[in-house]
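Notes follow once the structure below has been shown.
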Amino acid sequence: MAGALYAFLLYSKKTPWSKNTNRALAGLRFVLVTLLCFLLMGPLLNQVTFFEEKPVVVIAVDNSASMPATYEEGEFESLKTQLAEVSEEIIDAGYEVKVKSLQDYVASVNFVNYDQNATNLESLLKGISSDYEQQNLAGVVLASDGIHNYGISPQFTQLNFPVVTIGLGDTIPTKDLSIKSLNYNKIVYEGNRFPLVVEVFNNGFVNESVKVQVLKKGTVIEEKSFSPKGDEQINSLEFILNAETKGIETYQVQILPLEGENSTLNNTQQAFLEIVDSKQKILIAARAPHPDIKALRNVIDQNEGTEMQVFIEGINTDIPEGPFDLIVLHQLPAIESLPVWLDNALKTTNSFYITGTSSLSAINEKNPVLSYNNAGQSDNAGPHFNPNFELFKIDEVLAQRLMEYPPISVPYGQFMFKTQADILLYQRIGSVPTQRPLLSIYNGDELKSAVFSGSDFWKWSLQEYALNNDQKMFNNLMGKLIQYLATKDDKRNFRVNTERNQYYDSEAIEFNTEVYNELYEKVYDRNIDLTITDEQGAKQKLNYVNNAGSNYRVTGLDPGVYSFEASATVNGKREVAQGTFSVQKLDLENINLTANHQLLKNIANNSGGEFIPQERINEASNYFKNLSAKSITRSDEKLQSIINNPWLLLLFLVLVSTEWFIRKYNGSY
């Protein structure tokens, strides 16, 4: 209608040209305006494209460092050329070929770099399965020596495509000495002695003298010799070393090379230890000997990082040596006052009061959590876990065992909280939970304190062991409570810590940054200056902005021990945080250079593929030539706006230009 009206108004008046010419011009203007109005409605075109998807064969290349290690350089280059020829033959058979290394896809086998320090064949195959899910994947050619040293074993992995494995490398064990592993505690306390166990694998050096050294900062600190008694055996040597300096220390263990060794790359490994200054010190002060003390002691002794002392006045004459991280008072203070040294220590130390049921007036006055007006009355109650407790996590499955715990003596009477407290356990009368507190915790600004209303919880540990043959719930409950109370809260407004103290060189070091305002609320988008210093004193200066979504990550650091210093302006002051971490080389490839073709055979058999030994590598393409996989016709349907079609612009130009030319030719504009 718009096009017809437009043409009528323009060409209904008298013109200097013929009627037929006038009708043609009106028709051109009608078509032009009609199309423009039509496009203003935003019409869509449903476009269907058909295409053929060729069957795909992925050539998976194990590009770990162990692959070229057993070949001469020219021999390995020839092997790579043969693998490239296999790729071309598969393409000529009508397949599309993709090449994938352990970490990523590459253009061809000639672009693969054999430099990976660990081999995870399971991840390689599962990654291909995920990448080509619901696609026309005909199969995989896996070229590997079968040395799998990282992750889950691939031989029983369920795959929905056949794998043709090519067995490379040397299956004959070479004459070699290697360090299989170093066994040691990752955390050691300053001033203690600790064992470092070295496992040495021998093949070909029976009854020869093998010397193993431990070095610290390039200096030999320990040395031992032994004579292997058999081939393909692991020999263990134990070194007892001193933890001298707080921080992360590096110890290098090396086997001195012997003549005839195939490789000396696996003769050296490093151990990274964190040496901490001291253990947590816990004091249990009791009015008299009690089974509760033994039950607590069993829990505390399971934590290697704690040192515990027991003081019972009248039995112990020596004053325990502090300062302490936690003081546990069992039915103290009684009617008589506490010793002066203990009373003073409580002013600056976290506390845990186990009240009992006798006179509680002194305990009510001393503890900062709650008070009981029990007039000497007591009751029997069992524990009931508070599911809303959030100060630390208790296994809720194990918490079901609390219903099996027997009742114990608790004070009966009115109680009153002195401050805002978190209740971990309520009292349970029979099977009915009450709102009366059994175990209450107060997290103050300076100190923490907890009150257990009653005593005799030693019965719980015995009952749990009798019913379940373990004491997991009791140890979980009391262990986390003691750990929480003995740990001093970090109240700094600026904190920067690494997620771990030890990393591999293939991993990113993550810096967790916390910034708090004066109300102790987390704040973000602060500018952080970070300086990382290596053992030689070389500094790397970085800068980042903290955010709520992720930690700051640093990659590319060489193996070694590093210290860091982070600084930021917080609440108008320049705050500084410091720490240390270590980077360890992930070099699993040099530990074992003996090819494992049996693993490759198992992968091929379980997937319905075929195992091809190295000498028949040129036959690897035959499997796919005989497979006769077909292309799949697929369609791609999509809606798109007609206005995006470039031919419409050309049509408009033709319509406008033709109309303009005719009018001009006939003497009018």
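As shown in the structure tokens, the chain order sets the letters A, B, ...; within each chain, residues go from 1, and ligands are also counted from 1 in the order they appear.
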For Gln280 in chain A: contacts at 12 Å, only C-alpha atoms, fewer than 4 positions along chain excluded, given as a list of chain:residue names: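 What passes the distance filter is A:Tyr189, A:Val276, A:Ile300, A:Asp301, A:Asn303, A:Glu304, A:Gly305, A:Thr306, A:Glu307, A:Met308, A:Gln309, A:Gly322, A:Pro323, A:Phe324, A:Asp325, A:Leu326, A:Ile327, A:Ile482, A:Gln483, A:Tyr484, A:Leu485, A:Ala486, A:Thr487, A:Lys488.
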Using DSSP on the backbone, list every residue of range 424-609 of chain A that comes out as strand (DSSP E), and give them as a PDB file with N, CA and C atoms, in the first residue's frame.
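Result file is states.pdb:
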ATOM      1  N   LEU A 424      27.625 -25.507  70.817  1.00  0.00           N
ATOM      2  CA  LEU A 424      27.968 -26.669  70.002  1.00  0.00           C
ATOM      3  C   LEU A 424      27.105 -27.871  70.381  1.00  0.00           C
ATOM      4  N   LEU A 425      26.902 -28.083  71.684  1.00  0.00           N
ATOM      5  CA  LEU A 425      26.088 -29.206  72.157  1.00  0.00           C
ATOM      6  C   LEU A 425      25.019 -28.694  73.117  1.00  0.00           C
ATOM      7  N   TYR A 426      23.789 -29.195  72.916  1.00  0.00           N
ATOM      8  CA  TYR A 426      22.708 -28.972  73.873  1.00  0.00           C
ATOM      9  C   TYR A 426      22.566 -30.221  74.745  1.00  0.00           C
ATOM     10  N   GLN A 427      21.865 -30.073  75.862  1.00  0.00           N
ATOM     11  CA  GLN A 427      21.572 -31.224  76.715  1.00  0.00           C
ATOM     12  C   GLN A 427      20.372 -31.992  76.148  1.00  0.00           C
ATOM     13  N   ARG A 428      20.451 -33.313  76.247  1.00  0.00           N
ATOM     14  CA  ARG A 428      19.368 -34.186  75.793  1.00  0.00           C
ATOM     15  C   ARG A 428      18.920 -35.033  76.980  1.00  0.00           C
ATOM     16  N   ILE A 429      17.642 -34.921  77.307  1.00  0.00           N
ATOM     17  CA  ILE A 429      17.085 -35.723  78.403  1.00  0.00           C
ATOM     18  C   ILE A 429      16.372 -36.917  77.775  1.00  0.00           C
ATOM     19  N   VAL A 432      14.905 -36.626  74.174  1.00  0.00           N
ATOM     20  CA  VAL A 432      14.314 -35.308  73.909  1.00  0.00           C
ATOM     21  C   VAL A 432      15.379 -34.227  74.059  1.00  0.00           C
ATOM     22  N   PRO A 433      15.708 -33.501  72.976  1.00  0.00           N
ATOM     23  CA  PRO A 433      16.674 -32.407  73.096  1.00  0.00           C
ATOM     24  C   PRO A 433      16.061 -31.205  73.806  1.00  0.00           C
ATOM     25  N   THR A 434      16.874 -30.505  74.587  1.00  0.00           N
ATOM     26  CA  THR A 434      16.431 -29.301  75.288  1.00  0.00           C
ATOM     27  C   THR A 434      17.213 -28.094  74.758  1.00  0.00           C
ATOM     28  N   GLN A 435      16.917 -26.930  75.266  1.00  0.00           N
ATOM     29  CA  GLN A 435      17.639 -25.711  74.901  1.00  0.00           C
ATOM     30  C   GLN A 435      18.690 -25.351  75.955  1.00  0.00           C
ATOM     31  N   ARG A 436      18.960 -26.269  76.870  1.00  0.00           N
ATOM     32  CA  ARG A 436      19.969 -26.025  77.896  1.00  0.00           C
ATOM     33  C   ARG A 436      21.348 -26.311  77.307  1.00  0.00           C
ATOM     34  N   PRO A 437      22.327 -25.418  77.469  1.00  0.00           N
ATOM     35  CA  PRO A 437      23.651 -25.610  76.862  1.00  0.00           C
ATOM     36  C   PRO A 437      24.464 -26.679  77.584  1.00  0.00           C
ATOM     37  N   LEU A 438      25.169 -27.475  76.802  1.00  0.00           N
ATOM     38  CA  LEU A 438      26.110 -28.452  77.353  1.00  0.00           C
ATOM     39  C   LEU A 438      27.550 -28.038  77.042  1.00  0.00           C
ATOM     40  N   LEU A 439      27.787 -27.573  75.810  1.00  0.00           N
ATOM     41  CA  LEU A 439      29.119 -27.106  75.426  1.00  0.00           C
ATOM     42  C   LEU A 439      28.954 -25.771  74.699  1.00  0.00           C
ATOM     43  N   SER A 440      29.418 -24.693  75.336  1.00  0.00           N
ATOM     44  CA  SER A 440      29.239 -23.337  74.813  1.00  0.00           C
ATOM     45  C   SER A 440      30.602 -22.717  74.533  1.00  0.00           C
ATOM     46  N   ILE A 441      30.683 -21.921  73.458  1.00  0.00           N
ATOM     47  CA  ILE A 441      31.960 -21.333  73.036  1.00  0.00           C
ATOM     48  C   ILE A 441      31.779 -19.838  72.831  1.00  0.00           C
ATOM     49  N   TYR A 442      32.743 -19.077  73.321  1.00  0.00           N
ATOM     50  CA  TYR A 442      32.744 -17.622  73.154  1.00  0.00           C
ATOM     51  C   TYR A 442      34.018 -17.215  72.420  1.00  0.00           C
ATOM     52  N   ASN A 443      33.846 -16.534  71.292  1.00  0.00           N
ATOM     53  CA  ASN A 443      34.987 -16.044  70.514  1.00  0.00           C
ATOM     54  C   ASN A 443      35.094 -14.542  70.730  1.00  0.00           C
ATOM     55  N   LYS A 448      39.570 -16.531  73.369  1.00  0.00           N
ATOM     56  CA  LYS A 448      38.461 -17.470  73.220  1.00  0.00           C
ATOM     57  C   LYS A 448      38.291 -18.237  74.520  1.00  0.00           C
ATOM     58  N   SER A 449      37.061 -18.680  74.745  1.00  0.00           N
ATOM     59  CA  SER A 449      36.795 -19.483  75.929  1.00  0.00           C
ATOM     60  C   SER A 449      35.627 -20.414  75.651  1.00  0.00           C
ATOM     61  N   ALA A 450      35.653 -21.583  76.290  1.00  0.00           N
ATOM     62  CA  ALA A 450      34.567 -22.552  76.154  1.00  0.00           C
ATOM     63  C   ALA A 450      34.228 -23.101  77.530  1.00  0.00           C
ATOM     64  N   VAL A 451      32.966 -23.502  77.701  1.00  0.00           N
ATOM     65  CA  VAL A 451      32.515 -24.075  78.969  1.00  0.00           C
ATOM     66  C   VAL A 451      31.772 -25.370  78.675  1.00  0.00           C
ATOM     67  N   PHE A 452      32.251 -26.455  79.261  1.00  0.00           N
ATOM     68  CA  PHE A 452      31.532 -27.728  79.224  1.00  0.00           C
ATOM     69  C   PHE A 452      30.785 -27.850  80.544  1.00  0.00           C
ATOM     70  N   PHE A 494      45.271  -6.782  56.958  1.00  0.00           N
ATOM     71  CA  PHE A 494      45.832  -7.099  55.642  1.00  0.00           C
ATOM     72  C   PHE A 494      46.591  -8.416  55.741  1.00  0.00           C
ATOM     73  N   ARG A 495      46.167  -9.392  54.943  1.00  0.00           N
ATOM     74  CA  ARG A 495      46.804 -10.712  54.955  1.00  0.00           C
ATOM     75  C   ARG A 495      46.990 -11.203  53.532  1.00  0.00           C
ATOM     76  N   VAL A 496      48.140 -11.749  53.258  1.00  0.00           N
ATOM     77  CA  VAL A 496      48.409 -12.392  51.974  1.00  0.00           C
ATOM     78  C   VAL A 496      49.107 -13.720  52.263  1.00  0.00           C
ATOM     79  N   ASN A 497      48.524 -14.811  51.793  1.00  0.00           N
ATOM     80  CA  ASN A 497      49.094 -16.138  51.986  1.00  0.00           C
ATOM     81  C   ASN A 497      49.010 -16.912  50.685  1.00  0.00           C
ATOM     82  N   THR A 498      49.957 -17.814  50.471  1.00  0.00           N
ATOM     83  CA  THR A 498      49.840 -18.742  49.350  1.00  0.00           C
ATOM     84  C   THR A 498      48.908 -19.872  49.757  1.00  0.00           C
ATOM     85  N   GLN A 502      54.025 -25.648  49.078  1.00  0.00           N
ATOM     86  CA  GLN A 502      54.836 -26.344  48.085  1.00  0.00           C
ATOM     87  C   GLN A 502      54.059 -26.482  46.784  1.00  0.00           C
ATOM     88  N   TYR A 503      54.717 -26.147  45.673  1.00  0.00           N
ATOM     89  CA  TYR A 503      54.123 -26.223  44.344  1.00  0.00           C
ATOM     90  C   TYR A 503      55.077 -26.948  43.406  1.00  0.00           C
ATOM     91  N   TYR A 504      54.510 -27.507  42.323  1.00  0.00           N
ATOM     92  CA  TYR A 504      55.325 -27.999  41.220  1.00  0.00           C
ATOM     93  C   TYR A 504      55.500 -26.881  40.204  1.00  0.00           C
ATOM     94  N   ILE A 509      51.208 -20.444  41.248  1.00  0.00           N
ATOM     95  CA  ILE A 509      51.214 -20.106  42.673  1.00  0.00           C
ATOM     96  C   ILE A 509      50.071 -19.135  42.921  1.00  0.00           C
ATOM     97  N   GLU A 510      49.174 -19.498  43.828  1.00  0.00           N
ATOM     98  CA  GLU A 510      47.990 -18.680  44.102  1.00  0.00           C
ATOM     99  C   GLU A 510      48.175 -17.902  45.401  1.00  0.00           C
ATOM    100  N   PHE A 511      47.977 -16.584  45.316  1.00  0.00           N
ATOM    101  CA  PHE A 511      48.081 -15.705  46.483  1.00  0.00           C
ATOM    102  C   PHE A 511      46.681 -15.297  46.925  1.00  0.00           C
ATOM    103  N   ASN A 512      46.321 -15.739  48.131  1.00  0.00           N
ATOM    104  CA  ASN A 512      45.020 -15.412  48.712  1.00  0.00           C
ATOM    105  C   ASN A 512      45.159 -14.109  49.501  1.00  0.00           C
ATOM    106  N   THR A 513      44.414 -13.091  49.098  1.00  0.00           N
ATOM    107  CA  THR A 513      44.545 -11.755  49.690  1.00  0.00           C
ATOM    108  C   THR A 513      43.272 -11.387  50.442  1.00  0.00           C
ATOM    109  N   GLU A 514      43.435 -10.938  51.692  1.00  0.00           N
ATOM    110  CA  GLU A 514      42.306 -10.494  52.503  1.00  0.00           C
ATOM    111  C   GLU A 514      42.593  -9.087  53.023  1.00  0.00           C
ATOM    112  N   VAL A 515      41.677  -8.170  52.733  1.00  0.00           N
ATOM    113  CA  VAL A 515      41.795  -6.788  53.205  1.00  0.00           C
ATOM    114  C   VAL A 515      40.519  -6.444  53.977  1.00  0.00           C
ATOM    115  N   ASN A 527      44.820  -1.825  45.616  1.00  0.00           N
ATOM    116  CA  ASN A 527      46.052  -2.012  44.859  1.00  0.00           C
ATOM    117  C   ASN A 527      47.100  -2.682  45.744  1.00  0.00           C
ATOM    118  N   ILE A 528      47.607  -3.850  45.306  1.00  0.00           N
ATOM    119  CA  ILE A 528      48.558  -4.631  46.094  1.00  0.00           C
ATOM    120  C   ILE A 528      49.902  -4.674  45.369  1.00  0.00           C
ATOM    121  N   ASP A 529      50.979  -4.328  46.072  1.00  0.00           N
ATOM    122  CA  ASP A 529      52.338  -4.475  45.547  1.00  0.00           C
ATOM    123  C   ASP A 529      52.921  -5.769  46.085  1.00  0.00           C
ATOM    124  N   LEU A 530      53.460  -6.601  45.183  1.00  0.00           N
ATOM    125  CA  LEU A 530      53.987  -7.916  45.563  1.00  0.00           C
ATOM    126  C   LEU A 530      55.409  -8.053  45.045  1.00  0.00           C
ATOM    127  N   THR A 531      56.332  -8.412  45.935  1.00  0.00           N
ATOM    128  CA  THR A 531      57.727  -8.662  45.562  1.00  0.00           C
ATOM    129  C   THR A 531      58.083 -10.100  45.911  1.00  0.00           C
ATOM    130  N   ILE A 532      58.520 -10.865  44.901  1.00  0.00           N
ATOM    131  CA  ILE A 532      58.922 -12.266  45.089  1.00  0.00           C
ATOM    132  C   ILE A 532      60.438 -12.337  44.961  1.00  0.00           C
ATOM    133  N   THR A 533      61.102 -12.939  45.949  1.00  0.00           N
ATOM    134  CA  THR A 533      62.563 -12.999  45.985  1.00  0.00           C
ATOM    135  C   THR A 533      63.013 -14.453  46.007  1.00  0.00           C
ATOM    136  N   LYS A 539      64.881 -10.245  42.630  1.00  0.00           N
ATOM    137  CA  LYS A 539      63.518  -9.835  42.975  1.00  0.00           C
ATOM    138  C   LYS A 539      62.657  -9.697  41.722  1.00  0.00           C
ATOM    139  N   GLN A 540      61.406 -10.094  41.865  1.00  0.00           N
ATOM    140  CA  GLN A 540      60.408  -9.914  40.805  1.00  0.00           C
ATOM    141  C   GLN A 540      59.266  -9.091  41.397  1.00  0.00           C
ATOM    142  N   LYS A 541      59.066  -7.883  40.851  1.00  0.00           N
ATOM    143  CA  LYS A 541      58.052  -6.984  41.389  1.00  0.00           C
ATOM    144  C   LYS A 541      56.783  -7.045  40.554  1.00  0.00           C
ATOM    145  N   LEU A 542      55.652  -7.239  41.236  1.00  0.00           N
ATOM    146  CA  LEU A 542      54.355  -7.395  40.578  1.00  0.00           C
ATOM    147  C   LEU A 542      53.335  -6.486  41.245  1.00  0.00           C
ATOM    148  N   ASN A 543      52.235  -6.300  40.573  1.00  0.00           N
ATOM    149  CA  ASN A 543      51.166  -5.471  41.113  1.00  0.00           C
ATOM    150  C   ASN A 543      49.822  -6.055  40.680  1.00  0.00           C
ATOM    151  N   TYR A 544      48.849  -6.079  41.589  1.00  0.00           N
ATOM    152  CA  TYR A 544      47.522  -6.586  41.243  1.00  0.00           C
ATOM    153  C   TYR A 544      46.473  -5.923  42.125  1.00  0.00           C
ATOM    154  N   VAL A 545      45.222  -6.155  41.774  1.00  0.00           N
ATOM    155  CA  VAL A 545      44.074  -5.635  42.531  1.00  0.00           C
ATOM    156  C   VAL A 545      43.289  -6.826  43.067  1.00  0.00           C
ATOM    157  N   TYR A 552      45.129 -14.137  43.071  1.00  0.00           N
ATOM    158  CA  TYR A 552      46.154 -13.710  42.119  1.00  0.00           C
ATOM    159  C   TYR A 552      47.090 -14.894  41.859  1.00  0.00           C
ATOM    160  N   ARG A 553      47.419 -15.147  40.579  1.00  0.00           N
ATOM    161  CA  ARG A 553      48.196 -16.318  40.195  1.00  0.00           C
ATOM    162  C   ARG A 553      49.489 -15.892  39.515  1.00  0.00           C
ATOM    163  N   VAL A 554      50.568 -16.587  39.877  1.00  0.00           N
ATOM    164  CA  VAL A 554      51.884 -16.330  39.285  1.00  0.00           C
ATOM    165  C   VAL A 554      52.414 -17.648  38.720  1.00  0.00           C
ATOM    166  N   GLY A 560      62.858 -23.901  43.327  1.00  0.00           N
ATOM    167  CA  GLY A 560      63.633 -23.264  44.385  1.00  0.00           C
ATOM    168  C   GLY A 560      62.742 -22.786  45.509  1.00  0.00           C
ATOM    169  N   VAL A 561      63.348 -22.105  46.471  1.00  0.00           N
ATOM    170  CA  VAL A 561      62.626 -21.556  47.620  1.00  0.00           C
ATOM    171  C   VAL A 561      62.501 -20.048  47.425  1.00  0.00           C
ATOM    172  N   TYR A 562      61.306 -19.529  47.653  1.00  0.00           N
ATOM    173  CA  TYR A 562      61.025 -18.117  47.438  1.00  0.00           C
ATOM    174  C   TYR A 562      60.427 -17.505  48.701  1.00  0.00           C
ATOM    175  N   SER A 563      60.718 -16.237  48.901  1.00  0.00           N
ATOM    176  CA  SER A 563      60.029 -15.445  49.918  1.00  0.00           C
ATOM    177  C   SER A 563      59.250 -14.347  49.209  1.00  0.00           C
ATOM    178  N   PHE A 564      58.187 -13.866  49.832  1.00  0.00           N
ATOM    179  CA  PHE A 564      57.409 -12.792  49.220  1.00  0.00           C
ATOM    180  C   PHE A 564      57.043 -11.750  50.268  1.00  0.00           C
ATOM    181  N   GLU A 565      56.855 -10.545  49.792  1.00  0.00           N
ATOM    182  CA  GLU A 565      56.399  -9.446  50.637  1.00  0.00           C
ATOM    183  C   GLU A 565      55.334  -8.686  49.878  1.00  0.00           C
ATOM    184  N   ALA A 566      54.157  -8.591  50.474  1.00  0.00           N
ATOM    185  CA  ALA A 566      53.042  -7.863  49.871  1.00  0.00           C
ATOM    186  C   ALA A 566      52.739  -6.649  50.729  1.00  0.00           C
ATOM    187  N   SER A 567      52.376  -5.554  50.095  1.00  0.00           N
ATOM    188  CA  SER A 567      52.063  -4.338  50.839  1.00  0.00           C
ATOM    189  C   SER A 567      50.891  -3.624  50.187  1.00  0.00           C
ATOM    190  N   ALA A 568      50.124  -2.914  51.013  1.00  0.00           N
ATOM    191  CA  ALA A 568      48.964  -2.162  50.527  1.00  0.00           C
ATOM    192  C   ALA A 568      48.620  -1.092  51.557  1.00  0.00           C
ATOM    193  N   THR A 569      47.945  -0.057  51.105  1.00  0.00           N
ATOM    194  CA  THR A 569      47.471   0.990  52.006  1.00  0.00           C
ATOM    195  C   THR A 569      46.072   0.624  52.490  1.00  0.00           C
ATOM    196  N   VAL A 570      45.942   0.399  53.796  1.00  0.00           N
ATOM    197  CA  VAL A 570      44.676  -0.030  54.392  1.00  0.00           C
ATOM    198  C   VAL A 570      44.348   0.904  55.543  1.00  0.00           C
ATOM    199  N   LYS A 573      46.947   3.435  56.438  1.00  0.00           N
ATOM    200  CA  LYS A 573      48.286   3.007  56.841  1.00  0.00           C
ATOM    201  C   LYS A 573      48.838   2.002  55.836  1.00  0.00           C
ATOM    202  N   ARG A 574      50.166   1.968  55.728  1.00  0.00           N
ATOM    203  CA  ARG A 574      50.820   1.010  54.845  1.00  0.00           C
ATOM    204  C   ARG A 574      51.024  -0.296  55.602  1.00  0.00           C
ATOM    205  N   GLU A 575      50.317  -1.358  55.162  1.00  0.00           N
ATOM    206  CA  GLU A 575      50.388  -2.664  55.811  1.00  0.00           C
ATOM    207  C   GLU A 575      51.250  -3.605  54.979  1.00  0.00           C
ATOM    208  N   VAL A 576      51.941  -4.529  55.662  1.00  0.00           N
ATOM    209  CA  VAL A 576      52.860  -5.455  54.996  1.00  0.00           C
ATOM    210  C   VAL A 576      52.555  -6.876  55.449  1.00  0.00           C
ATOM    211  N   ALA A 577      52.573  -7.824  54.503  1.00  0.00           N
ATOM    212  CA  ALA A 577      52.425  -9.253  54.807  1.00  0.00           C
ATOM    213  C   ALA A 577      53.565 -10.002  54.139  1.00  0.00           C
ATOM    214  N   GLN A 578      54.104 -11.011  54.819  1.00  0.00           N
ATOM    215  CA  GLN A 578      55.248 -11.755  54.305  1.00  0.00           C
ATOM    216  C   GLN A 578      55.004 -13.247  54.396  1.00  0.00           C
ATOM    217  N   GLY A 579      55.775 -14.025  53.627  1.00  0.00           N
ATOM    218  CA  GLY A 579      55.661 -15.471  53.663  1.00  0.00           C
ATOM    219  C   GLY A 579      56.703 -16.129  52.770  1.00  0.00           C
ATOM    220  N   THR A 580      56.707 -17.445  52.750  1.00  0.00           N
ATOM    221  CA  THR A 580      57.633 -18.216  51.923  1.00  0.00           C
ATOM    222  C   THR A 580      56.879 -19.359  51.250  1.00  0.00           C
ATOM    223  N   PHE A 581      57.405 -19.843  50.148  1.00  0.00           N
ATOM    224  CA  PHE A 581      56.882 -21.025  49.468  1.00  0.00           C
ATOM    225  C   PHE A 581      58.009 -21.636  48.637  1.00  0.00           C
ATOM    226  N   SER A 582      57.801 -22.840  48.188  1.00  0.00           N
ATOM    227  CA  SER A 582      58.815 -23.524  47.380  1.00  0.00           C
ATOM    228  C   SER A 582      58.201 -23.999  46.074  1.00  0.00           C
ATOM    229  N   VAL A 583      59.035 -24.090  45.048  1.00  0.00           N
ATOM    230  CA  VAL A 583      58.642 -24.626  43.747  1.00  0.00           C
ATOM    231  C   VAL A 583      59.528 -25.825  43.456  1.00  0.00           C
ATOM    232  N   GLN A 584      58.902 -26.957  43.218  1.00  0.00           N
ATOM    233  CA  GLN A 584      59.623 -28.209  42.995  1.00  0.00           C
ATOM    234  C   GLN A 584      59.449 -28.664  41.556  1.00  0.00           C
TER     235      GLN A 584
END
Neighbour list for Lys126 in chain A as JSON, numbers by chain, cut-off 10 Å, only C-alpha atoms, skip fewer than 5 positions in-chain: {"A": [121, 131, 154, 157, 158, 159]}
Between CA of Asn606 in chain A and CA of Gly146 in chain A - distance in Å to one decimal: 15.1 Å
Residue neighbourhood Ile221 in chain A, 10 Å, only C-alpha atoms, exclusion window fewer than 5 positions, as an NGL selection string: :A and (213-216 or 241 or 251)
Alpha helix (DSSP H) positions in range 423-615 of chain A, given as a PyMOL selection string: chain A and resi 458-468+472-486+597-607
Two-atom distance - CA of Trp660 in chain A, CA of Phe30 in chain A (Å):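 Computing the Euclidean distance for CA of Trp660 in chain A and CA of Phe30 in chain A yields 14.1 Å.
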Residues within 12 Å of Lys630 in chain A, only C-alpha atoms, excluding chain neighbours under 6 positions, as number ranges by chain: A: 52-56, 93-96, 136-138, 624
What lies within 12 Å of Asn618 in chain A using only C-alpha atoms, ignoring chain neighbours under 4 positions off, as a compact mmCIF listing (two decimals) with N, CA, C and O atoms, in the first residue's frame?
# COMPACT_ATOMS: atom_id res chain seq x y z
N LEU A 79 61.97 -41.66 13.25
CA LEU A 79 60.71 -42.15 13.81
C LEU A 79 59.60 -41.11 13.65
O LEU A 79 58.46 -41.45 13.31
N LYS A 80 59.92 -39.84 13.87
CA LYS A 80 58.95 -38.77 13.69
C LYS A 80 58.50 -38.66 12.24
O LYS A 80 57.32 -38.41 11.95
N THR A 81 59.43 -38.87 11.33
CA THR A 81 59.09 -38.84 9.90
C THR A 81 58.12 -39.96 9.55
O THR A 81 57.15 -39.77 8.80
N GLN A 82 58.36 -41.15 10.10
CA GLN A 82 57.46 -42.29 9.85
C GLN A 82 56.06 -42.01 10.40
O GLN A 82 55.06 -42.37 9.77
N LEU A 83 56.01 -41.38 11.54
CA LEU A 83 54.71 -41.06 12.13
C LEU A 83 53.97 -40.04 11.27
O LEU A 83 52.75 -40.13 11.10
N ALA A 84 54.71 -39.10 10.67
CA ALA A 84 54.09 -38.13 9.76
C ALA A 84 53.57 -38.82 8.51
O ALA A 84 52.51 -38.46 7.97
N GLU A 85 54.28 -39.83 8.03
CA GLU A 85 53.82 -40.59 6.85
C GLU A 85 52.55 -41.36 7.17
O GLU A 85 51.65 -41.47 6.32
N VAL A 86 52.45 -41.90 8.40
CA VAL A 86 51.22 -42.58 8.81
C VAL A 86 50.05 -41.60 8.77
O VAL A 86 48.95 -41.93 8.30
N SER A 87 50.29 -40.38 9.23
CA SER A 87 49.25 -39.35 9.21
C SER A 87 48.79 -39.07 7.78
O SER A 87 47.58 -38.97 7.51
N GLU A 88 49.73 -38.96 6.83
CA GLU A 88 49.37 -38.68 5.44
C GLU A 88 48.59 -39.83 4.83
O GLU A 88 47.64 -39.63 4.06
N GLU A 89 48.96 -41.05 5.16
CA GLU A 89 48.26 -42.22 4.61
C GLU A 89 46.81 -42.27 5.11
O GLU A 89 45.90 -42.65 4.37
N ILE A 90 46.60 -41.90 6.35
CA ILE A 90 45.24 -41.89 6.90
C ILE A 90 44.41 -40.80 6.21
O ILE A 90 43.22 -41.00 5.90
N ILE A 166 50.85 -47.53 19.17
CA ILE A 166 52.16 -47.78 18.57
C ILE A 166 53.18 -47.82 19.70
O ILE A 166 53.37 -46.83 20.42
N ILE A 612 50.51 -52.00 17.59
CA ILE A 612 51.49 -52.04 16.50
C ILE A 612 52.88 -51.81 17.10
O ILE A 612 53.13 -50.75 17.67
N PRO A 613 53.80 -52.79 17.00
CA PRO A 613 55.16 -52.54 17.50
C PRO A 613 55.89 -51.53 16.62
O PRO A 613 55.50 -51.27 15.48
N GLN A 614 56.95 -50.98 17.16
CA GLN A 614 57.68 -49.91 16.48
C GLN A 614 58.17 -50.32 15.09
O GLN A 614 58.11 -49.52 14.15
N ASN A 622 46.76 -49.12 8.29
CA ASN A 622 45.96 -50.19 7.69
C ASN A 622 44.65 -50.42 8.43
O ASN A 622 43.63 -50.78 7.82
N TYR A 623 44.66 -50.23 9.75
CA TYR A 623 43.45 -50.45 10.54
C TYR A 623 42.32 -49.56 10.03
O TYR A 623 41.18 -50.01 9.87
From A:Ala60, A:Leu35, A:Ala143, A:Ala2, residue lying nearest Leu125 in chain A [only C-alpha atoms]: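 Going through A:Ala60, A:Leu35, A:Ala143, A:Ala2 one by one, the smallest distance to Leu125 in chain A is for A:Ala60.
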Neighbour list for Gln640 in chain A as a list in words, cut-off 10 Å, only C-alpha atoms, skip fewer than 5 positions in-chain: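 Result of the neighbour search: Gly42, Pro43, Leu44, Leu45, Asn46, Gln47 and Asn645 of chain A.
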